[in-house]
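Accompanying notes for the structure given below.
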Amino acid sequence: MIPLEAVLAVSAALFCIGLYGVLARRNAVLVLMSIELMLNAVNVNLIAFTAYLAPARNIGQIIAIFVITVAAAEAGLALAIILRLYRNRGTVNVDEVDLMKW
Amino acid sequence: MTPLQLLFYVVSVIMLAAAVGVVVARSVIYSAVFLLVALLAAAGLFVVLFAPFLAIVQVLLYGGAVIIVLFFAVMLTRRPDDPQKLDNPQWPLAVVAAVLVFGAFASILLGARWVTKAPGPAPDLAALGDSLFTQWAVPFEIASLLLLVALMGAIIIARPGEKEE
Amino acid sequence: MVSAATFSSPLGMSWAWFAPMLCLAAFVVLAFFNRYLPGRGAWLAILAIAGGFVLFFPVTADYLRTGQAGQFSTPWFAVNGKDVSLGFVVDPLSIIMLGVVTTVALAVQVYSLGYMKGDPRFGWYFAVQSLFAAAMLGLLLADNYLLLYVSWELVGLCSYLLIGFWYEKRSAAEAAKKAFITTRIGDVGLLLGILVLYKATGTFEMHALFEAIENGAIAPATLTAAAILIFLGAMGKSAQFPLQVWLPDAMEGPTPVSALIHAATMVAAGVYLVARSFPLFAAAPGALTVVAVVGLITVLIGSTMAIVMTDVKRVIAYSTVSKLGFMMLTLGFGGLTAAMFFLMTHAFFKALLFLGAGSVIHGTGGKQDVKDMGGLARKMPLTATVFIIASLALVGIPPLSGFWSKDEAMVALAGNPLIHILAYLSIFLTGVYIGRLCLLVFFGTPRDQHVHEHAHEAPLSMAAPMLGLAFLSIVAGFVALDAFGPALGVAPRFTGIGSFLYDDHPEPYAFHIGIAALSTLSALAGLAVAWAVYGARLVSPEAVTRRLRFLYDLSVNKYHMDTLYQALINRVILVVAGVVAVFDRAVVNDVGINGPGRATVSTGVTMRFHETGKLYNYGLAMTIGALLLIAAVVILV
């Protein structure tokens with residue numbers, strides 16, 4: 001029997017690794033990858049909750065399905081934006097895109 | 001240790017290691033590959049947690065579609081002077097922030113009293129589909145609408161303008 | 001005391017308030033609509049004041065019939081549970097003033113039709129004239145000090161507006177400012193005095209105040225303080241020393257204004273105030289002495305300065321100063337009847353003097369200095385005649401009105417030998433300066449041929465009021481005689497003026513042949529000296545000036561008072577003002593008002609650096625924010 005806390009700790013760790021990636025990576029595509037990691041951590045959490053807390057229902061899995069859907073849509077859009085950004089600015093490095101600077 | 005537990009630990013380690021690889025790799029392609037590994041490991045984790053359907057969906061969607069699109073993006077946005085440094089100036093702060101967040105989560109989840117039941121068998125796939133189309137019909141339709149909008153949006157944003165090409 | 005409901009009798013005393021109200025209504029209409037009315041609405045103003053003049057007769061008749069003063073009031077507002085009322089009182093004092101003010105105002109407004117003809121602001125002139133009449137009438141009818149003070153200030157405002165009527169001229173604007181500021185000093189005293197009395201008794205109402213004073217409810221020190229403060233107000237308005245400096249400069253206004261405001265009515269308001277407050281002054285130890293001393297000084301400096309002035313209006317102005325001092329002196333000696341009687345006759349002939357001077361100015365095309373005049377009697381006989389009548393009345397030649405009033409005053413002053421002699425001196429000086437003026441303007445060889453050739457007599461609108469006032473200057477004195485009452489048919493209750501207006505008890509007319517003769521002789525002596533120097537040229541004016549060099553310099557320089565005041569302003573007031581200005585600029589403005597603004601801007605300037613434009617910085621900020629929120633929830637919940 002795997003304790004619930006262990007699973008949750010794993011997903012928390014995954015989330016934080018993803019967070020680090022979002023905050024620390026320079027290439028926009030890498031940031032997107034890190035966001036996918038965070039979303040996956042959320043999914044793991046949801047599955048774990050539905051397995052341990054309410055096994056009769058499958059609510060967590062359904063929500064996880066939706067999360068995956070949204071993540072896929074968002075990834076597609078984000079990549080479209082990145083392509084447009086690359087075309088306009090010639091770069092996808094997030095620290096070179098600072099027009100809103102003071 | 002039961003086989004399930006062993007499987008869990010192995011898959012978890014792979015997933016976390018791959019995730020670390022995503023965020024510290026020296027090349028974008030390496031990060032993409034590590035992401036693929038992490039996502040597949042997550043699928044394995046779903047299997048351990050009695051959600052086989054989700055595991056398959058994960059593999060198909062993420063591994064099949066999202067990763068492909070990511071690879072395309074990487075290819076289309078490479079610059080001649082690659083490789084360069086891939087980290088922000090603020091990466092130490094990011095480490096601190098991530099550690100703090102983990103600490104917050106850990107303290108919360110360890111401090112809570114979970115009313116757990118034994119993780120049971122996988123739910124019936126038919127029941128899953130059934131509830132998806134009855135109880136969750138509205139979110140389902142909205143999700144499809146969302147996908148449509150995302151599709152249109154992506155086309156509009158990424159299409160070449162009149163001046164180009 | 002009759003406290004009757006309004007309109008109880010047909011056109012009785014209760015209608016007295018109508019007089020100021022008519023003029024106030026005329027002001028409102030004229031101020032806004034004068035350009036739409038035919039003739040710019042001057043006739044409306046004259047109609048209003050004529051209404052007041054007409055009202056004088058039934059009001060007086062009603063009083064003579066009942067022999068009792070009437071007081072009418074209505075509640076005005078309440079503060080902290082204390083009521084303040086609005087009301088008017090009809091008693092001998094206010095009746096005399098009512099008659100004087102309406103008569104002179106009517107004469108002056110008719111005169112202004114001719115004098116101010118063609119002025120671009122003709123309508124506004126009559127509007128302010130009406131407002132002045134309303135305020136002045138309100139002042140003298142008021143039965144409580146608060147209403148009196150409000151009217152007092154309004155009168156001052158009208159004076160300012162009318163002195164500075166031709167404000168395009170720099171000197172006129174300056175003179176208006178000077179008048180207002182100088183009288184302001186007095187007005188502050190008046191307000192403080194009223195407040196002292198209010199604090200002591202809890203009411204503004206004169207009747208109640210005087211009762212309280214009679215019952216000894218107020219401490220003597222308070223009484224004296226209040227009296228002196230109120231007298232300060234009178235000093236300002238009546239141009240007593242040392243606040244007389246504004247009156248000669250006020251001659252910058254149109255001459256009818258000088259006649260009305262600065263000879264007959266507004267400047268008399270100070271005398272009226274002291275007379276009205278006479279119970280207060282009589283009960284306050286030392287107050288009347290102060291009044292007398294100030295009056296004496298004013299008499300002397302006024303008459304000495306009148307002798308050396310070359311501007312026609314200024315001579316008459318200083319004469320006014322001197323005569324006002326004389327009235328105050330008389331009041332200081334307790335001569336309430338004499339002072340008010342003198343005020344009445346003085347109003348008539350002084351206004352006439354001014355109107356005559358105005359006629360001369362009008363006739364010579366704007367000349368005011370005697371060096372441009374001379375021999376005008378041939379070209380302007382009517383003006384010359386009335387002017388000489390007024391001059392003789394001023395100096396007190398029997399049987400003109402001035403003789404009777406001056407005589408009564410001299411009787412009151414007989415108590416103190418020194419003052420009495422100085423009074424004779426002042427009469428002598430009066431003769432000198434007014435004789436000088438008449439001779440220089442109307443007789444002798446013309447000094448400016450061009451002016452003399454084009455001089456013309458006054459038109460009817462100006463001549464008629466002058467004639468009316470001349471008539472009054474001749475006959476108004478007869479009210480003093482004990483035979484006056486029976487002639488009117490109101491005997492035996494009223495005989496002469498002494499039985500009409502009095503302090504403690506009615507006084508029969510006292511005729512001292514010695515005093516009368518001496519005063520007439522002094523007057524004639526003064527006239528003779530004037531004739532000797534300026535008429536027959538027995539002594540040349542220059543020789544006299546040389547002999548009395550010191551006195552001449554003092555008088556011509558107005559006793560250096562203007563220089564003194566200006567130095568005071570420059571060295572003290574402007575310095576304090578500078579300090580206050582620096583405080584206002586540096587502390588209030590720069591720190592208090594600009595401070596928060598500049599702080600905001602500088603905060604923004606320094607804080608803008610946190611907008612780096614880089615997404616990962618924002619992401620970090622969001623993370624930290626989320627952490628803080630979690631911490632807050634965990635700690636607080």
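The chains in the structure tokens are called A, B, ... from first to last as shown; in each chain the residues are counted from 1, and the ligands are counted from 1 in the order shown.
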Residues of chain C within 8 Å of chain A, counting only C-alpha atoms, as a list of chain:residue names |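 Contact residues on the first chain: C:Arg608, C:Phe609, C:Glu611, C:Thr612, C:Gly613, C:Lys614, C:Leu615, C:Tyr616, C:Asn617, C:Gly619, C:Leu620.
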For C-alpha atoms, I'd like the residues from the last selection saved as a tab-separated table (two decimals), in the first residue's frame.
```tsv
chain	number	residue	atom	x	y	z
C	608	ARG	CA	9.16	52.00	-12.29
C	609	PHE	CA	12.31	49.95	-12.38
C	611	GLU	CA	8.68	46.84	-14.56
C	612	THR	CA	11.42	44.94	-16.30
C	613	GLY	CA	9.25	43.77	-19.13
C	614	LYS	CA	10.54	40.23	-18.70
C	615	LEU	CA	8.01	37.55	-18.14
C	616	TYR	CA	10.12	35.38	-15.88
C	617	ASN	CA	10.46	38.24	-13.43
C	619	GLY	CA	6.40	34.82	-12.88
C	620	LEU	CA	8.71	34.93	-9.91
```
Taking only C-alpha atoms into account, report as a ChimeraX atom specification which residues of chain B lie within 6 Å of chain A.
-> /B:23,86-88,91,94,98,116-117,119-120,147,150,154,158
Contact residues around Tyr30 in chain B with only C-alpha atoms at 12 Å, ignoring same-chain residues under 6 positions, as an NGL selection string = (:A and (30 or 33)) or (:B and (18-24 or 36-37 or 71 or 74 or 83))
Write down, as a list of chain:residue names, each residue of chain C that has any atom within 9 Å of an atom of chain B, counting only C-alpha atoms.
-> C:Tyr616, C:Asn617, C:Leu620, C:Thr623, C:Ile624, C:Ala626, C:Leu627, C:Ile630, C:Ala631, C:Val634
Write the residues of the preceding selection, restricted to N, CA and C atoms, as a PDB file, in the first residue's frame.
```
ATOM      1  N   TYR C 616       9.711  36.260 -16.976  1.00  0.00           N
ATOM      2  CA  TYR C 616      10.116  35.377 -15.883  1.00  0.00           C
ATOM      3  C   TYR C 616      10.193  36.137 -14.560  1.00  0.00           C
ATOM      4  N   ASN C 617      10.500  37.446 -14.657  1.00  0.00           N
ATOM      5  CA  ASN C 617      10.460  38.239 -13.428  1.00  0.00           C
ATOM      6  C   ASN C 617       9.034  38.291 -12.878  1.00  0.00           C
ATOM      7  N   LEU C 620       8.142  35.054 -11.250  1.00  0.00           N
ATOM      8  CA  LEU C 620       8.709  34.933  -9.912  1.00  0.00           C
ATOM      9  C   LEU C 620       7.900  35.726  -8.908  1.00  0.00           C
ATOM     10  N   THR C 623       4.858  33.894  -8.022  1.00  0.00           N
ATOM     11  CA  THR C 623       5.144  32.766  -7.124  1.00  0.00           C
ATOM     12  C   THR C 623       5.295  33.253  -5.686  1.00  0.00           C
ATOM     13  N   ILE C 624       6.076  34.301  -5.555  1.00  0.00           N
ATOM     14  CA  ILE C 624       6.282  34.829  -4.202  1.00  0.00           C
ATOM     15  C   ILE C 624       4.956  35.302  -3.611  1.00  0.00           C
ATOM     16  N   ALA C 626       1.999  34.139  -4.281  1.00  0.00           N
ATOM     17  CA  ALA C 626       1.216  32.975  -3.886  1.00  0.00           C
ATOM     18  C   ALA C 626       1.723  32.405  -2.559  1.00  0.00           C
ATOM     19  N   LEU C 627       3.038  32.377  -2.406  1.00  0.00           N
ATOM     20  CA  LEU C 627       3.618  31.876  -1.165  1.00  0.00           C
ATOM     21  C   LEU C 627       3.173  32.721   0.029  1.00  0.00           C
ATOM     22  N   ILE C 630      -0.355  31.899   0.895  1.00  0.00           N
ATOM     23  CA  ILE C 630      -0.470  30.631   1.611  1.00  0.00           C
ATOM     24  C   ILE C 630      -0.053  30.807   3.061  1.00  0.00           C
ATOM     25  N   ALA C 631       1.057  31.537   3.221  1.00  0.00           N
ATOM     26  CA  ALA C 631       1.531  31.765   4.591  1.00  0.00           C
ATOM     27  C   ALA C 631       0.496  32.515   5.401  1.00  0.00           C
ATOM     28  N   VAL C 634      -2.343  30.207   6.295  1.00  0.00           N
ATOM     29  CA  VAL C 634      -1.940  29.204   7.291  1.00  0.00           C
ATOM     30  C   VAL C 634      -1.811  29.859   8.660  1.00  0.00           C
TER      31      VAL C 634
END
```
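Nearest to Tyr145 in chain C of all the residues C:Phe32, C:Phe341, C:Trp124, C:Phe88 is C:Phe88, counting only C-alpha atoms.
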Using DSSP on the backbone coordinates, identify all residues within range 255-404 of chain C classified as helix (DSSP H, G or I); present the result as a CSV table (one decimal) with C-alpha atoms, in the first residue's frame.
```
chain,number,residue,atom,x,y,z
C,255,THR,CA,-18.7,115.3,-6.9
C,256,PRO,CA,-22.3,114.2,-6.2
C,257,VAL,CA,-20.9,111.2,-4.4
C,258,SER,CA,-18.7,113.5,-2.4
C,259,ALA,CA,-21.7,115.6,-1.6
C,260,LEU,CA,-23.8,112.7,-0.5
C,261,ILE,CA,-21.5,110.3,1.1
C,262,HIS,CA,-18.5,112.2,2.2
C,263,ALA,CA,-20.3,115.3,3.5
C,264,ALA,CA,-23.8,114.6,4.6
C,266,MET,CA,-21.9,108.3,5.5
C,267,VAL,CA,-19.4,110.4,7.4
C,268,ALA,CA,-22.2,111.4,9.7
C,269,ALA,CA,-22.8,107.8,10.4
C,270,GLY,CA,-20.1,107.8,12.9
C,271,VAL,CA,-21.6,110.8,14.7
C,272,TYR,CA,-25.0,109.0,14.6
C,273,LEU,CA,-23.4,105.9,16.0
C,274,VAL,CA,-22.0,107.7,19.0
C,275,ALA,CA,-25.3,109.5,19.5
C,276,ARG,CA,-27.3,106.3,19.3
C,278,PHE,CA,-25.0,107.7,24.0
C,279,PRO,CA,-26.3,105.8,27.0
C,280,LEU,CA,-23.3,103.6,26.7
C,281,PHE,CA,-20.9,106.5,26.4
C,282,ALA,CA,-22.5,108.3,29.2
C,283,ALA,CA,-22.2,105.4,31.5
C,287,ALA,CA,-15.3,107.4,27.1
C,288,LEU,CA,-16.7,110.8,26.4
C,289,THR,CA,-13.4,112.4,27.2
C,290,VAL,CA,-11.7,110.3,24.6
C,291,VAL,CA,-14.4,111.4,22.1
C,292,ALA,CA,-13.9,115.0,22.9
C,293,VAL,CA,-10.1,114.9,22.7
C,294,VAL,CA,-10.1,113.1,19.4
C,295,GLY,CA,-12.8,115.6,18.1
C,296,LEU,CA,-10.7,118.5,19.2
C,297,ILE,CA,-7.6,117.4,17.4
C,298,THR,CA,-9.6,116.7,14.3
C,299,VAL,CA,-11.1,120.1,14.4
C,300,LEU,CA,-7.8,121.8,14.5
C,301,ILE,CA,-5.9,119.8,11.9
C,302,GLY,CA,-8.8,119.8,9.6
C,303,SER,CA,-9.2,123.6,9.5
C,304,THR,CA,-5.5,124.3,9.2
C,305,MET,CA,-5.2,121.9,6.3
C,306,ALA,CA,-8.2,123.5,4.6
C,307,ILE,CA,-6.5,126.8,4.4
C,308,VAL,CA,-3.6,125.7,2.3
C,312,VAL,CA,-11.6,123.1,-4.5
C,313,LYS,CA,-13.0,119.7,-3.4
C,314,ARG,CA,-10.1,119.1,-1.0
C,315,VAL,CA,-10.8,122.4,0.8
C,316,ILE,CA,-14.3,121.4,1.3
C,317,ALA,CA,-13.2,117.9,2.3
C,318,TYR,CA,-10.9,119.2,5.0
C,319,SER,CA,-13.7,121.4,6.1
C,320,THR,CA,-15.9,118.4,6.5
C,321,VAL,CA,-13.2,116.7,8.6
C,322,SER,CA,-13.0,119.7,10.8
C,323,LYS,CA,-16.7,120.0,11.3
C,324,LEU,CA,-17.1,116.3,12.0
C,325,GLY,CA,-14.5,116.8,14.7
C,326,PHE,CA,-16.5,119.6,16.0
C,327,MET,CA,-19.6,117.4,16.2
C,328,MET,CA,-17.6,114.7,18.1
C,329,LEU,CA,-16.3,117.4,20.4
C,330,THR,CA,-19.8,118.5,21.1
C,331,LEU,CA,-20.9,114.9,21.8
C,332,GLY,CA,-17.9,114.5,24.1
C,336,LEU,CA,-26.4,115.3,22.2
C,337,THR,CA,-29.1,117.7,20.9
C,338,ALA,CA,-26.6,120.3,19.7
C,339,ALA,CA,-24.5,117.7,17.9
C,340,MET,CA,-27.4,116.2,16.0
C,341,PHE,CA,-28.8,119.6,15.2
C,342,PHE,CA,-25.4,120.6,13.9
C,343,LEU,CA,-25.2,117.4,11.9
C,344,MET,CA,-28.5,118.2,10.3
C,345,THR,CA,-27.7,121.7,9.2
C,346,HIS,CA,-24.2,120.8,8.3
C,347,ALA,CA,-25.5,118.1,6.0
C,348,PHE,CA,-27.5,120.7,4.0
C,349,PHE,CA,-25.0,123.4,3.5
C,350,LYS,CA,-22.0,121.0,3.1
C,351,ALA,CA,-23.8,119.1,0.5
C,352,LEU,CA,-24.7,122.4,-1.2
C,353,LEU,CA,-21.0,123.4,-1.1
C,354,PHE,CA,-20.1,120.2,-2.8
C,355,LEU,CA,-22.8,120.5,-5.4
C,356,GLY,CA,-21.7,124.0,-6.1
C,357,ALA,CA,-18.2,122.9,-6.5
C,358,GLY,CA,-19.5,120.2,-8.8
C,359,SER,CA,-21.3,122.9,-10.8
C,360,VAL,CA,-18.0,124.8,-11.1
C,361,ILE,CA,-16.2,121.7,-12.2
C,362,HIS,CA,-18.9,120.9,-14.7
C,363,GLY,CA,-19.0,124.5,-15.9
C,370,VAL,CA,-8.2,127.2,-8.1
C,371,LYS,CA,-5.3,128.2,-10.2
C,372,ASP,CA,-7.5,127.7,-13.2
C,381,PRO,CA,-24.2,133.7,-11.1
C,382,LEU,CA,-26.5,131.0,-9.7
C,383,THR,CA,-23.8,128.8,-8.6
C,384,ALA,CA,-21.9,131.6,-7.1
C,385,THR,CA,-25.0,132.7,-5.1
C,386,VAL,CA,-25.8,129.4,-3.7
C,387,PHE,CA,-22.2,128.7,-2.9
C,388,ILE,CA,-21.9,132.0,-1.0
C,389,ILE,CA,-25.1,131.2,0.9
C,390,ALA,CA,-23.7,127.8,1.9
C,391,SER,CA,-20.4,129.4,2.9
C,392,LEU,CA,-22.1,131.9,5.1
C,393,ALA,CA,-24.1,129.1,6.6
C,394,LEU,CA,-21.0,127.1,7.2
C,395,VAL,CA,-19.3,130.0,9.0
C,401,SER,CA,-29.1,127.7,9.7
C,402,GLY,CA,-25.4,127.3,10.6
C,403,PHE,CA,-25.6,130.1,13.1
C,404,TRP,CA,-28.3,128.4,15.2
```
Distance criterion (only C-alpha atoms): nearest to Ala51 in chain B out of B:Ala65, B:Leu128, B:Leu76, B:Leu16 | B:Leu128
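Look at range 174-181 of chain C: the protein and nucleic acid residues within 6 Å of it, using only C-alpha atoms and passing over chain neighbours fewer than 5 places away, are Tyr160, Ile163, Gly164, Trp246, Asp249 and Ala250 of chain C.
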Store the residues picked out above in a file with N, CA and C atoms, as an mmCIF file, in the first residue's frame.
```cif
data_model
loop_
_atom_site.group_PDB
_atom_site.id
_atom_site.type_symbol
_atom_site.label_atom_id
_atom_site.label_comp_id
_atom_site.auth_asym_id
_atom_site.auth_seq_id
_atom_site.Cartn_x
_atom_site.Cartn_y
_atom_site.Cartn_z
ATOM 1 N N TYR C 160 -16.748 102.580 -1.314
ATOM 2 C CA TYR C 160 -15.623 102.078 -2.131
ATOM 3 C C TYR C 160 -15.983 102.068 -3.611
ATOM 4 N N ILE C 163 -16.298 105.798 -4.835
ATOM 5 C CA ILE C 163 -15.038 106.540 -4.928
ATOM 6 C C ILE C 163 -14.249 106.046 -6.147
ATOM 7 N N GLY C 164 -14.244 104.755 -6.302
ATOM 8 C CA GLY C 164 -13.510 104.192 -7.430
ATOM 9 C C GLY C 164 -14.388 104.031 -8.651
ATOM 10 N N TRP C 246 -8.268 109.180 4.670
ATOM 11 C CA TRP C 246 -8.933 108.699 3.457
ATOM 12 C C TRP C 246 -9.887 109.718 2.861
ATOM 13 N N ASP C 249 -8.624 112.016 -0.088
ATOM 14 C CA ASP C 249 -8.401 111.228 -1.300
ATOM 15 C C ASP C 249 -9.710 110.764 -1.911
ATOM 16 N N ALA C 250 -10.763 110.660 -1.083
ATOM 17 C CA ALA C 250 -12.045 110.192 -1.599
ATOM 18 C C ALA C 250 -12.640 111.180 -2.581
#
```
